[in-house]
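Q: upload.pdb (PDB, C-alpha atoms, pLDDT in the B column) pasted underneath:
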ATOM      1  CA  ALA A   1     -12.917   9.153  10.524  1.00 77.00           C
ATOM      2  CA  GLN A   2     -10.613   8.857   7.568  1.00 84.00           C
ATOM      3  CA  SER A   3     -11.782   7.336   4.306  1.00 90.00           C
ATOM      4  CA  VAL A   4     -10.782   7.205   0.667  1.00 94.00           C
ATOM      5  CA  ALA A   5     -12.801   6.212  -2.382  1.00 96.00           C
ATOM      6  CA  GLN A   6     -11.809   5.194  -5.865  1.00 96.00           C
ATOM      7  CA  PRO A   7     -15.170   5.214  -7.617  1.00 96.00           C
ATOM      8  CA  GLU A   8     -14.084   3.294 -10.717  1.00 96.00           C
ATOM      9  CA  ASP A   9     -13.095  -0.363 -10.569  1.00 95.00           C
ATOM     10  CA  GLN A  10     -11.670  -0.149 -14.069  1.00 97.00           C
ATOM     11  CA  VAL A  11     -10.712   2.582 -16.511  1.00 98.00           C
ATOM     12  CA  ASN A  12     -10.158   1.906 -20.209  1.00 98.00           C
ATOM     13  CA  VAL A  13      -8.166   4.348 -22.320  1.00 98.00           C
ATOM     14  CA  ALA A  14      -6.759   4.213 -25.817  1.00 98.00           C
ATOM     15  CA  GLU A  15      -3.009   4.572 -26.143  1.00 98.00           C
ATOM     16  CA  GLY A  16      -2.014   8.187 -26.694  1.00 97.00           C
ATOM     17  CA  ASN A  17      -5.152   9.590 -25.071  1.00 98.00           C
ATOM     18  CA  PRO A  18      -5.126  11.390 -21.725  1.00 97.00           C
ATOM     19  CA  LEU A  19      -6.048   9.336 -18.680  1.00 97.00           C
ATOM     20  CA  THR A  20      -7.597  10.140 -15.331  1.00 98.00           C
ATOM     21  CA  VAL A  21      -7.956   7.850 -12.331  1.00 98.00           C
ATOM     22  CA  LYS A  22     -10.215   9.316  -9.677  1.00 98.00           C
ATOM     23  CA  CYS A  23      -9.750   9.510  -5.926  1.00 98.00           C
ATOM     24  CA  THR A  24     -11.778  11.289  -3.274  1.00 98.00           C
ATOM     25  CA  TYR A  25     -11.020  11.397   0.421  1.00 96.00           C
ATOM     26  CA  SER A  26     -12.317  12.380   3.810  1.00 93.00           C
ATOM     27  CA  VAL A  27     -10.140  13.413   6.752  1.00 89.00           C
ATOM     28  CA  SER A  28     -10.680  15.756   9.664  1.00 86.00           C
ATOM     29  CA  GLY A  29      -7.536  17.791   9.239  1.00 86.00           C
ATOM     30  CA  ASN A  30      -5.034  18.375   6.474  1.00 88.00           C
ATOM     31  CA  PRO A  31      -4.590  15.340   4.229  1.00 91.00           C
ATOM     32  CA  TYR A  32      -1.428  13.579   3.202  1.00 93.00           C
ATOM     33  CA  LEU A  33      -2.276  11.955  -0.159  1.00 95.00           C
ATOM     34  CA  PHE A  34      -0.420   9.288  -2.091  1.00 96.00           C
ATOM     35  CA  TRP A  35      -0.691   7.351  -5.335  1.00 98.00           C
ATOM     36  CA  TYR A  36       0.886   3.931  -5.799  1.00 97.00           C
ATOM     37  CA  VAL A  37       0.983   1.584  -8.772  1.00 97.00           C
ATOM     38  CA  GLN A  38       1.012  -2.204  -8.744  1.00 96.00           C
ATOM     39  CA  TYR A  39       2.190  -4.226 -11.711  1.00 94.00           C
ATOM     40  CA  PRO A  40       1.304  -7.941 -11.958  1.00 89.00           C
ATOM     41  CA  ASN A  41       3.106 -10.122  -9.411  1.00 87.00           C
ATOM     42  CA  ARG A  42       4.859  -7.132  -7.871  1.00 90.00           C
ATOM     43  CA  GLY A  43       4.500  -5.014  -4.787  1.00 92.00           C
ATOM     44  CA  LEU A  44       3.180  -1.486  -4.826  1.00 95.00           C
ATOM     45  CA  GLN A  45       5.444   1.271  -6.065  1.00 96.00           C
ATOM     46  CA  PHE A  46       5.216   4.889  -4.988  1.00 95.00           C
ATOM     47  CA  LEU A  47       4.196   7.329  -7.755  1.00 97.00           C
ATOM     48  CA  LEU A  48       3.647  10.697  -6.108  1.00 96.00           C
ATOM     49  CA  LYS A  49       2.394  12.468  -3.022  1.00 95.00           C
ATOM     50  CA  TYR A  50       0.781  15.667  -1.866  1.00 95.00           C
ATOM     51  CA  ILE A  51       1.696  17.008   1.539  1.00 91.00           C
ATOM     52  CA  THR A  52       1.487  20.767   1.149  1.00 88.00           C
ATOM     53  CA  GLY A  53       2.210  23.491  -1.381  1.00 88.00           C
ATOM     54  CA  ASP A  54       1.436  23.468  -5.090  1.00 92.00           C
ATOM     55  CA  ASN A  55      -1.825  21.697  -5.853  1.00 94.00           C
ATOM     56  CA  LEU A  56      -0.372  20.071  -8.966  1.00 96.00           C
ATOM     57  CA  VAL A  57       2.065  17.341  -8.062  1.00 96.00           C
ATOM     58  CA  LYS A  58       4.331  15.638 -10.572  1.00 96.00           C
ATOM     59  CA  GLY A  59       5.568  12.112 -10.079  1.00 95.00           C
ATOM     60  CA  SER A  60       7.171   9.107 -11.714  1.00 93.00           C
ATOM     61  CA  TYR A  61       6.564   7.848 -15.265  1.00 93.00           C
ATOM     62  CA  GLY A  62       4.990  11.148 -16.394  1.00 96.00           C
ATOM     63  CA  PHE A  63       2.080  10.978 -13.969  1.00 97.00           C
ATOM     64  CA  GLU A  64       0.704  13.961 -12.118  1.00 97.00           C
ATOM     65  CA  ALA A  65      -2.123  14.561  -9.681  1.00 98.00           C
ATOM     66  CA  GLU A  66      -4.152  17.582  -8.709  1.00 96.00           C
ATOM     67  CA  PHE A  67      -5.153  18.244  -5.147  1.00 96.00           C
ATOM     68  CA  ASN A  68      -8.559  19.911  -4.949  1.00 96.00           C
ATOM     69  CA  LYS A  69      -9.451  20.848  -1.409  1.00 94.00           C
ATOM     70  CA  SER A  70     -12.983  22.031  -2.108  1.00 94.00           C
ATOM     71  CA  GLN A  71     -13.875  18.807  -3.893  1.00 96.00           C
ATOM     72  CA  THR A  72     -11.714  16.668  -1.551  1.00 96.00           C
ATOM     73  CA  SER A  73     -10.208  14.969  -4.576  1.00 97.00           C
ATOM     74  CA  PHE A  74      -6.769  13.890  -5.707  1.00 98.00           C
ATOM     75  CA  HIS A  75      -7.166  12.561  -9.254  1.00 98.00           C
ATOM     76  CA  LEU A  76      -4.238  10.936 -11.030  1.00 98.00           C
ATOM     77  CA  LYS A  77      -3.586  12.098 -14.588  1.00 98.00           C
ATOM     78  CA  LYS A  78      -1.302  11.574 -17.523  1.00 98.00           C
ATOM     79  CA  PRO A  79      -1.451  13.550 -20.791  1.00 97.00           C
ATOM     80  CA  SER A  80      -0.713  10.623 -23.102  1.00 97.00           C
ATOM     81  CA  ALA A  81      -1.254   7.022 -22.006  1.00 97.00           C
ATOM     82  CA  LEU A  82       1.131   4.165 -22.808  1.00 97.00           C
ATOM     83  CA  VAL A  83       0.254   0.483 -22.984  1.00 97.00           C
ATOM     84  CA  SER A  84       2.866  -0.039 -20.266  1.00 96.00           C
ATOM     85  CA  ASP A  85       0.775   2.132 -17.914  1.00 97.00           C
ATOM     86  CA  SER A  86      -1.696  -0.736 -17.640  1.00 97.00           C
ATOM     87  CA  ALA A  87      -1.682  -1.693 -13.960  1.00 97.00           C
ATOM     88  CA  LEU A  88      -3.592  -1.415 -10.697  1.00 97.00           C
ATOM     89  CA  TYR A  89      -3.523   2.031  -9.098  1.00 98.00           C
ATOM     90  CA  PHE A  90      -4.106   2.776  -5.445  1.00 97.00           C
ATOM     91  CA  CYS A  91      -4.857   6.061  -3.737  1.00 97.00           C
ATOM     92  CA  ALA A  92      -4.069   6.406  -0.020  1.00 95.00           C
ATOM     93  CA  VAL A  93      -4.667   9.107   2.548  1.00 93.00           C
ATOM     94  CA  ARG A  94      -3.886   9.871   6.121  1.00 88.00           C
ATOM     95  CA  GLU A  95      -4.502  12.834   8.320  1.00 84.00           C
ATOM     96  CA  GLY A  96      -1.371  14.899   8.507  1.00 78.00           C
ATOM     97  CA  ASP A  97       0.213  15.632  11.861  1.00 71.00           C
ATOM     98  CA  SER A  98      -1.553  12.696  13.441  1.00 73.00           C
ATOM     99  CA  ASN A  99      -0.647   9.154  14.364  1.00 71.00           C
ATOM    100  CA  TYR A 100      -3.314   7.687  12.126  1.00 75.00           C
ATOM    101  CA  GLN A 101      -2.221   5.054   9.668  1.00 85.00           C
ATOM    102  CA  LEU A 102      -2.667   5.232   5.925  1.00 89.00           C
ATOM    103  CA  ILE A 103      -6.100   4.362   4.591  1.00 91.00           C
ATOM    104  CA  TRP A 104      -6.109   2.740   1.152  1.00 93.00           C
ATOM    105  CA  GLY A 105      -8.613   2.868  -1.652  1.00 94.00           C
ATOM    106  CA  ALA A 106      -9.865  -0.349  -3.234  1.00 94.00           C
ATOM    107  CA  GLY A 107      -7.782   0.213  -6.337  1.00 95.00           C
ATOM    108  CA  THR A 108      -8.551   1.019  -9.969  1.00 97.00           C
ATOM    109  CA  LYS A 109      -7.480  -1.231 -12.794  1.00 97.00           C
ATOM    110  CA  LEU A 110      -6.183   0.851 -15.687  1.00 98.00           C
ATOM    111  CA  ILE A 111      -6.236  -0.769 -19.114  1.00 98.00           C
ATOM    112  CA  ILE A 112      -4.540   0.995 -21.992  1.00 97.00           C
ATOM    113  CA  LYS A 113      -5.523  -0.392 -25.390  1.00 97.00           C
ATOM    114  CA  PRO A 114      -3.167  -0.114 -28.370  1.00 94.00           C
TER     115      PRO A 114
ATOM    116  CA  GLU B   1      19.908  -2.235  -3.753  1.00 86.00           C
ATOM    117  CA  ALA B   2      17.274  -0.920  -1.361  1.00 85.00           C
ATOM    118  CA  GLN B   3      14.586  -3.513  -0.967  1.00 94.00           C
ATOM    119  CA  VAL B   4      12.005  -5.269   1.140  1.00 97.00           C
ATOM    120  CA  THR B   5      12.282  -9.043   0.887  1.00 97.00           C
ATOM    121  CA  GLN B   6       9.454 -11.432   1.688  1.00 97.00           C
ATOM    122  CA  ASN B   7       9.589 -15.209   1.888  1.00 97.00           C
ATOM    123  CA  PRO B   8       8.045 -17.383   0.736  1.00 97.00           C
ATOM    124  CA  ARG B   9       6.482 -15.836  -2.362  1.00 96.00           C
ATOM    125  CA  TYR B  10       3.907 -18.607  -2.619  1.00 97.00           C
ATOM    126  CA  LEU B  11       2.615 -21.095  -0.077  1.00 96.00           C
ATOM    127  CA  ILE B  12      -0.170 -23.636  -0.091  1.00 96.00           C
ATOM    128  CA  THR B  13      -0.871 -25.188   3.289  1.00 95.00           C
ATOM    129  CA  VAL B  14      -3.631 -26.680   5.372  1.00 96.00           C
ATOM    130  CA  THR B  15      -5.854 -25.378   8.120  1.00 96.00           C
ATOM    131  CA  GLY B  16      -4.210 -25.268  11.521  1.00 95.00           C
ATOM    132  CA  LYS B  17      -0.599 -25.701  10.441  1.00 96.00           C
ATOM    133  CA  LYS B  18       1.435 -22.849  11.879  1.00 97.00           C
ATOM    134  CA  LEU B  19       3.330 -20.756   9.364  1.00 97.00           C
ATOM    135  CA  THR B  20       5.604 -17.738   9.311  1.00 98.00           C
ATOM    136  CA  VAL B  21       6.119 -15.255   6.519  1.00 98.00           C
ATOM    137  CA  THR B  22       9.413 -13.443   6.849  1.00 98.00           C
ATOM    138  CA  CYS B  23      10.043  -9.816   5.935  1.00 98.00           C
ATOM    139  CA  SER B  24      13.394  -8.084   5.888  1.00 98.00           C
ATOM    140  CA  GLN B  25      14.399  -4.569   4.815  1.00 97.00           C
ATOM    141  CA  ASN B  26      17.887  -3.213   4.213  1.00 96.00           C
ATOM    142  CA  MET B  27      17.115   0.501   4.407  1.00 95.00           C
ATOM    143  CA  ASN B  28      17.396   0.934   8.177  1.00 94.00           C
ATOM    144  CA  HIS B  29      13.738   1.970   8.258  1.00 94.00           C
ATOM    145  CA  GLU B  30      12.021   2.583  11.580  1.00 93.00           C
ATOM    146  CA  TYR B  31       8.520   1.700  10.433  1.00 93.00           C
ATOM    147  CA  MET B  32       7.279  -1.619   9.090  1.00 95.00           C
ATOM    148  CA  SER B  33       3.815  -2.874   8.310  1.00 95.00           C
ATOM    149  CA  TRP B  34       1.899  -5.909   7.093  1.00 97.00           C
ATOM    150  CA  TYR B  35      -1.073  -5.692   4.743  1.00 97.00           C
ATOM    151  CA  ARG B  36      -3.374  -8.141   3.100  1.00 97.00           C
ATOM    152  CA  GLN B  37      -4.817  -7.481  -0.329  1.00 95.00           C
ATOM    153  CA  ASP B  38      -8.149  -8.936  -1.334  1.00 93.00           C
ATOM    154  CA  PRO B  39     -10.100  -8.188  -4.538  1.00 88.00           C
ATOM    155  CA  GLY B  40     -12.363  -5.176  -4.180  1.00 85.00           C
ATOM    156  CA  LEU B  41     -11.078  -4.393  -0.692  1.00 89.00           C
ATOM    157  CA  GLY B  42      -7.750  -2.778  -1.456  1.00 89.00           C
ATOM    158  CA  LEU B  43      -5.061  -3.021   1.194  1.00 93.00           C
ATOM    159  CA  ARG B  44      -5.985  -3.642   4.787  1.00 95.00           C
ATOM    160  CA  GLN B  45      -3.420  -3.232   7.497  1.00 95.00           C
ATOM    161  CA  ILE B  46      -2.823  -6.207   9.781  1.00 97.00           C
ATOM    162  CA  TYR B  47      -0.106  -4.983  12.138  1.00 96.00           C
ATOM    163  CA  TYR B  48       2.496  -2.270  12.143  1.00 94.00           C
ATOM    164  CA  SER B  49       5.633  -1.416  14.063  1.00 94.00           C
ATOM    165  CA  MET B  50       6.964   2.057  14.765  1.00 91.00           C
ATOM    166  CA  ASN B  51      10.297   0.745  15.967  1.00 90.00           C
ATOM    167  CA  VAL B  52      12.016  -2.235  17.555  1.00 92.00           C
ATOM    168  CA  GLU B  53       9.880  -3.897  20.227  1.00 88.00           C
ATOM    169  CA  VAL B  54       6.917  -1.628  19.402  1.00 90.00           C
ATOM    170  CA  THR B  55       3.989  -3.169  17.537  1.00 94.00           C
ATOM    171  CA  ASP B  56       0.338  -2.196  17.138  1.00 94.00           C
ATOM    172  CA  LYS B  57      -2.777  -3.701  15.674  1.00 95.00           C
ATOM    173  CA  GLY B  58      -4.033  -2.500  12.350  1.00 93.00           C
ATOM    174  CA  ASP B  59      -7.535  -2.911  10.988  1.00 92.00           C
ATOM    175  CA  VAL B  60      -7.598  -6.717  10.674  1.00 96.00           C
ATOM    176  CA  PRO B  61      -5.252  -8.249  13.283  1.00 97.00           C
ATOM    177  CA  GLU B  62      -7.345 -11.293  14.271  1.00 97.00           C
ATOM    178  CA  GLY B  63      -5.547 -14.561  13.667  1.00 97.00           C
ATOM    179  CA  TYR B  64      -2.126 -12.986  13.181  1.00 98.00           C
ATOM    180  CA  LYS B  65       0.914 -12.281  15.336  1.00 98.00           C
ATOM    181  CA  VAL B  66       4.036 -10.246  14.703  1.00 97.00           C
ATOM    182  CA  SER B  67       7.305  -9.495  16.419  1.00 95.00           C
ATOM    183  CA  ARG B  68       9.986  -6.849  15.962  1.00 96.00           C
ATOM    184  CA  LYS B  69      13.086  -8.017  17.760  1.00 96.00           C
ATOM    185  CA  GLU B  70      15.439  -6.217  15.408  1.00 95.00           C
ATOM    186  CA  LYS B  71      14.997  -3.269  13.117  1.00 95.00           C
ATOM    187  CA  ARG B  72      15.393  -5.068   9.803  1.00 97.00           C
ATOM    188  CA  ASN B  73      12.983  -7.993  10.373  1.00 97.00           C
ATOM    189  CA  PHE B  74       9.230  -8.108  10.898  1.00 98.00           C
ATOM    190  CA  PRO B  75       7.834 -11.651  10.560  1.00 98.00           C
ATOM    191  CA  LEU B  76       4.119 -12.366  10.263  1.00 98.00           C
ATOM    192  CA  ILE B  77       2.949 -15.457  12.127  1.00 98.00           C
ATOM    193  CA  LEU B  78      -0.253 -17.397  11.556  1.00 97.00           C
ATOM    194  CA  GLU B  79      -0.531 -19.686  14.577  1.00 95.00           C
ATOM    195  CA  SER B  80      -3.549 -21.623  13.300  1.00 97.00           C
ATOM    196  CA  PRO B  81      -4.308 -20.600   9.726  1.00 97.00           C
ATOM    197  CA  SER B  82      -7.847 -20.788   8.423  1.00 97.00           C
ATOM    198  CA  PRO B  83      -9.216 -20.607   4.857  1.00 97.00           C
ATOM    199  CA  ASN B  84     -10.384 -16.992   5.354  1.00 96.00           C
ATOM    200  CA  GLN B  85      -6.710 -16.035   5.634  1.00 97.00           C
ATOM    201  CA  THR B  86      -6.141 -17.035   2.041  1.00 97.00           C
ATOM    202  CA  SER B  87      -4.907 -13.799   0.551  1.00 97.00           C
ATOM    203  CA  LEU B  88      -2.026 -11.830  -0.924  1.00 97.00           C
ATOM    204  CA  TYR B  89       0.189 -10.390   1.790  1.00 98.00           C
ATOM    205  CA  PHE B  90       2.555  -7.443   1.579  1.00 97.00           C
ATOM    206  CA  CYS B  91       5.219  -6.194   3.899  1.00 97.00           C
ATOM    207  CA  ALA B  92       6.204  -2.522   3.702  1.00 96.00           C
ATOM    208  CA  SER B  93       8.685  -0.217   5.367  1.00 96.00           C
ATOM    209  CA  SER B  94       9.170   3.509   5.685  1.00 93.00           C
ATOM    210  CA  SER B  95      11.740   5.739   7.261  1.00 90.00           C
ATOM    211  CA  ASP B  96       9.154   7.286   9.568  1.00 80.00           C
ATOM    212  CA  SER B  97       5.420   6.635   9.853  1.00 72.00           C
ATOM    213  CA  TYR B  98       4.679  10.145  11.072  1.00 69.00           C
ATOM    214  CA  SER B  99       6.388  11.824   8.164  1.00 64.00           C
ATOM    215  CA  ASN B 100       5.474  12.190   4.542  1.00 75.00           C
ATOM    216  CA  GLN B 101       7.829   9.467   3.438  1.00 85.00           C
ATOM    217  CA  PRO B 102       6.440   6.818   1.097  1.00 89.00           C
ATOM    218  CA  GLN B 103       6.357   3.139   1.912  1.00 92.00           C
ATOM    219  CA  HIS B 104       8.531   0.559   0.172  1.00 95.00           C
ATOM    220  CA  PHE B 105       6.812  -2.733  -0.523  1.00 96.00           C
ATOM    221  CA  GLY B 106       7.955  -6.300  -0.888  1.00 96.00           C
ATOM    222  CA  ASP B 107       6.773  -8.311  -3.891  1.00 95.00           C
ATOM    223  CA  GLY B 108       4.114 -10.109  -1.917  1.00 96.00           C
ATOM    224  CA  THR B 109       3.350 -13.558  -0.535  1.00 97.00           C
ATOM    225  CA  ARG B 110       0.388 -15.454  -1.899  1.00 97.00           C
ATOM    226  CA  LEU B 111      -1.016 -17.740   0.779  1.00 97.00           C
ATOM    227  CA  SER B 112      -3.587 -20.444   0.126  1.00 97.00           C
ATOM    228  CA  ILE B 113      -5.052 -22.136   3.195  1.00 97.00           C
ATOM    229  CA  LEU B 114      -6.945 -25.324   2.342  1.00 95.00           C
TER     230      LEU B 114
END
Mind turning the file's structure into structure tokens?
A:
Amino acid sequence: AQSVAQPEDQVNVAEGNPLTVKCTYSVSGNPYLFWYVQYPNRGLQFLLKYITGDNLVKGSYGFEAEFNKSQTSFHLKKPSALVSDSALYFCAVREGDSNYQLIWGAGTKLIIKP
Amino acid sequence: EAQVTQNPRYLITVTGKKLTVTCSQNMNHEYMSWYRQDPGLGLRQIYYSMNVEVTDKGDVPEGYKVSRKEKRNFPLILESPSPNQTSLYFCASSSDSYSNQPQHFGDGTRLSIL
């Protein structure tokens, strides 16, 4: 069975500091992994994805994520946080080459303090 | 502009009064999906559609109906709404559900069932 976990409900970071939002997953085969961001009163927006290839994936707004197969993780990172990065972040996974639907994490609220 | 449009954005109604939430996309996407978002639960899929006239149940389909008579539209129907269907609803589309393509989301519909 597929599953995804975001172990932190909320992450607080000072502006200018590096940030990490954690995601771990469980699938039977090769994972397709995604990060989305949700700003208040808006729908989710795609940030980045890992399908295959380089374990370090770069995405929108300066975000990147590292796929770690041995730890079954796909943590979202940014070297220097901005106040405007404050939002709700969702990790999603599905088993590649299957007809399974995406499974979504519960979301992590990221708060960047000036 | 490529977009997914949901209407209404907000609705307060009463138990048992049938309602429809419309969803339209202008990207000629094959795949469309409905989710509900509840605090601490992330996104849960209600129904999805791989193509015109093809729909399938997601994780929480009870109490909902959908139809896909044309590619661009995917309405969500609550025949007899109940208070436990009070939630934030999102429609999403993607060029192909079996590929690695990200989903595009509408801005959401907040339903309150009294």
Q: Evaluate the PyMOL selection byres ((chain B) within 10 of (chain A)) against this structure - the residues, as a VMD selection string, please.
A: chain B and resid 4 9 37 to 45 48 58 to 59 89 to 92 97 to 110
Q: Excluding Glu70 of chain B and its own-chain neighbours fewer than 4 positions away, which residues fall within 10 Å of it when counting all atoms listed in the file? Please give them as a ChimeraX atom specification.
A: /B:24,51-53,74
Q: For each of A:Pro7, A:Pro114, A:Gly59, A:Gly29, take the minimum atom-to-atom distance to Ser86 of chain A, counting only C-alpha atoms, then give the residue where this is smallest.
A: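 Closest to Ser86 of chain A, using only C-alpha atoms: A:Pro114.
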Q: Would you please work out which residue, of B:Tyr64, B:Tyr47, B:Tyr10, B:Tyr31, is nearest to Ser94 of chain B when using all atoms listed in the file?
A: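 Closest candidate: B:Tyr31.
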Q: Determine the residue membership of the PyMOL selection byres ((chain A and resi 77) around 9) for the file above and supply it as a compact mmCIF listing (two decimals) with C-alpha atoms, in the coordinates of the input.
A:
# COMPACT_ATOMS: atom_id res chain seq x y z
CA PRO A 18 -5.13 11.39 -21.72
CA LEU A 19 -6.05 9.34 -18.68
CA THR A 20 -7.60 10.14 -15.33
CA VAL A 21 -7.96 7.85 -12.33
CA LYS A 22 -10.22 9.32 -9.68
CA GLY A 62 4.99 11.15 -16.39
CA PHE A 63 2.08 10.98 -13.97
CA GLU A 64 0.70 13.96 -12.12
CA ALA A 65 -2.12 14.56 -9.68
CA GLU A 66 -4.15 17.58 -8.71
CA HIS A 75 -7.17 12.56 -9.25
CA LEU A 76 -4.24 10.94 -11.03
CA LYS A 78 -1.30 11.57 -17.52
CA PRO A 79 -1.45 13.55 -20.79
Q: Using only C-alpha atoms, can you tell me which of B:Val54, B:Leu78, B:Val14, B:Cys23 comes closest to Ser112 of chain B?
A: B:Val14
Q: What is the distance between atom CA of Gly53 of chain A and atom CA of Ser70 of chain A, in Å to one decimal?
A: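 For atom CA of Gly53 of chain A relative to atom CA of Ser70 of chain A, the distance reads 15.3 Å.
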Q: Have a look at atom CA of Pro8 of chain B and atom CA of Val21 of chain B and let me know their distance in Å, one decimal.
A: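 Computing it gives 6.5 Å between the two atoms.
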Q: What would the selection look like, as a PDB file with C-alpha atoms, in the frame of the given file, if the PyMOL selection byres ((chain B and resi 19) around 12) were run on the coordinates I just shared?
A:
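Final output, saved to part06.pdb:
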ATOM      1  CA  ASN B   7       9.589 -15.209   1.888  1.00 97.00           C
ATOM      2  CA  PRO B   8       8.045 -17.383   0.736  1.00 97.00           C
ATOM      3  CA  LEU B  11       2.615 -21.095  -0.077  1.00 96.00           C
ATOM      4  CA  ILE B  12      -0.170 -23.636  -0.091  1.00 96.00           C
ATOM      5  CA  THR B  13      -0.871 -25.188   3.289  1.00 95.00           C
ATOM      6  CA  VAL B  14      -3.631 -26.680   5.372  1.00 96.00           C
ATOM      7  CA  THR B  15      -5.854 -25.378   8.120  1.00 96.00           C
ATOM      8  CA  GLY B  16      -4.210 -25.268  11.521  1.00 95.00           C
ATOM      9  CA  LYS B  17      -0.599 -25.701  10.441  1.00 96.00           C
ATOM     10  CA  LYS B  18       1.435 -22.849  11.879  1.00 97.00           C
ATOM     11  CA  THR B  20       5.604 -17.738   9.311  1.00 98.00           C
ATOM     12  CA  VAL B  21       6.119 -15.255   6.519  1.00 98.00           C
ATOM     13  CA  THR B  22       9.413 -13.443   6.849  1.00 98.00           C
ATOM     14  CA  GLY B  63      -5.547 -14.561  13.667  1.00 97.00           C
ATOM     15  CA  TYR B  64      -2.126 -12.986  13.181  1.00 98.00           C
ATOM     16  CA  LYS B  65       0.914 -12.281  15.336  1.00 98.00           C
ATOM     17  CA  VAL B  66       4.036 -10.246  14.703  1.00 97.00           C
ATOM     18  CA  PRO B  75       7.834 -11.651  10.560  1.00 98.00           C
ATOM     19  CA  LEU B  76       4.119 -12.366  10.263  1.00 98.00           C
ATOM     20  CA  ILE B  77       2.949 -15.457  12.127  1.00 98.00           C
ATOM     21  CA  LEU B  78      -0.253 -17.397  11.556  1.00 97.00           C
ATOM     22  CA  GLU B  79      -0.531 -19.686  14.577  1.00 95.00           C
ATOM     23  CA  SER B  80      -3.549 -21.623  13.300  1.00 97.00           C
ATOM     24  CA  PRO B  81      -4.308 -20.600   9.726  1.00 97.00           C
ATOM     25  CA  SER B  82      -7.847 -20.788   8.423  1.00 97.00           C
ATOM     26  CA  GLN B  85      -6.710 -16.035   5.634  1.00 97.00           C
ATOM     27  CA  LEU B 111      -1.016 -17.740   0.779  1.00 97.00           C
ATOM     28  CA  SER B 112      -3.587 -20.444   0.126  1.00 97.00           C
ATOM     29  CA  ILE B 113      -5.052 -22.136   3.195  1.00 97.00           C
TER      30      ILE B 113
END
Q: So how many Å separate atom CA of Val4 of chain A and atom CA of Lys109 of chain A, to one decimal?
A: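 Result for atom CA of Val4 of chain A versus atom CA of Lys109 of chain A: 16.2 Å, one decimal.
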Q: Pick from A:Lys113, A:Gln71, A:Val11, A:Ser60: nearest to Leu88 of chain A, with all atoms listed in the file counted?
A: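 When distances to Leu88 of chain A are compared using all atoms listed in the file, the smallest one comes from A:Val11.
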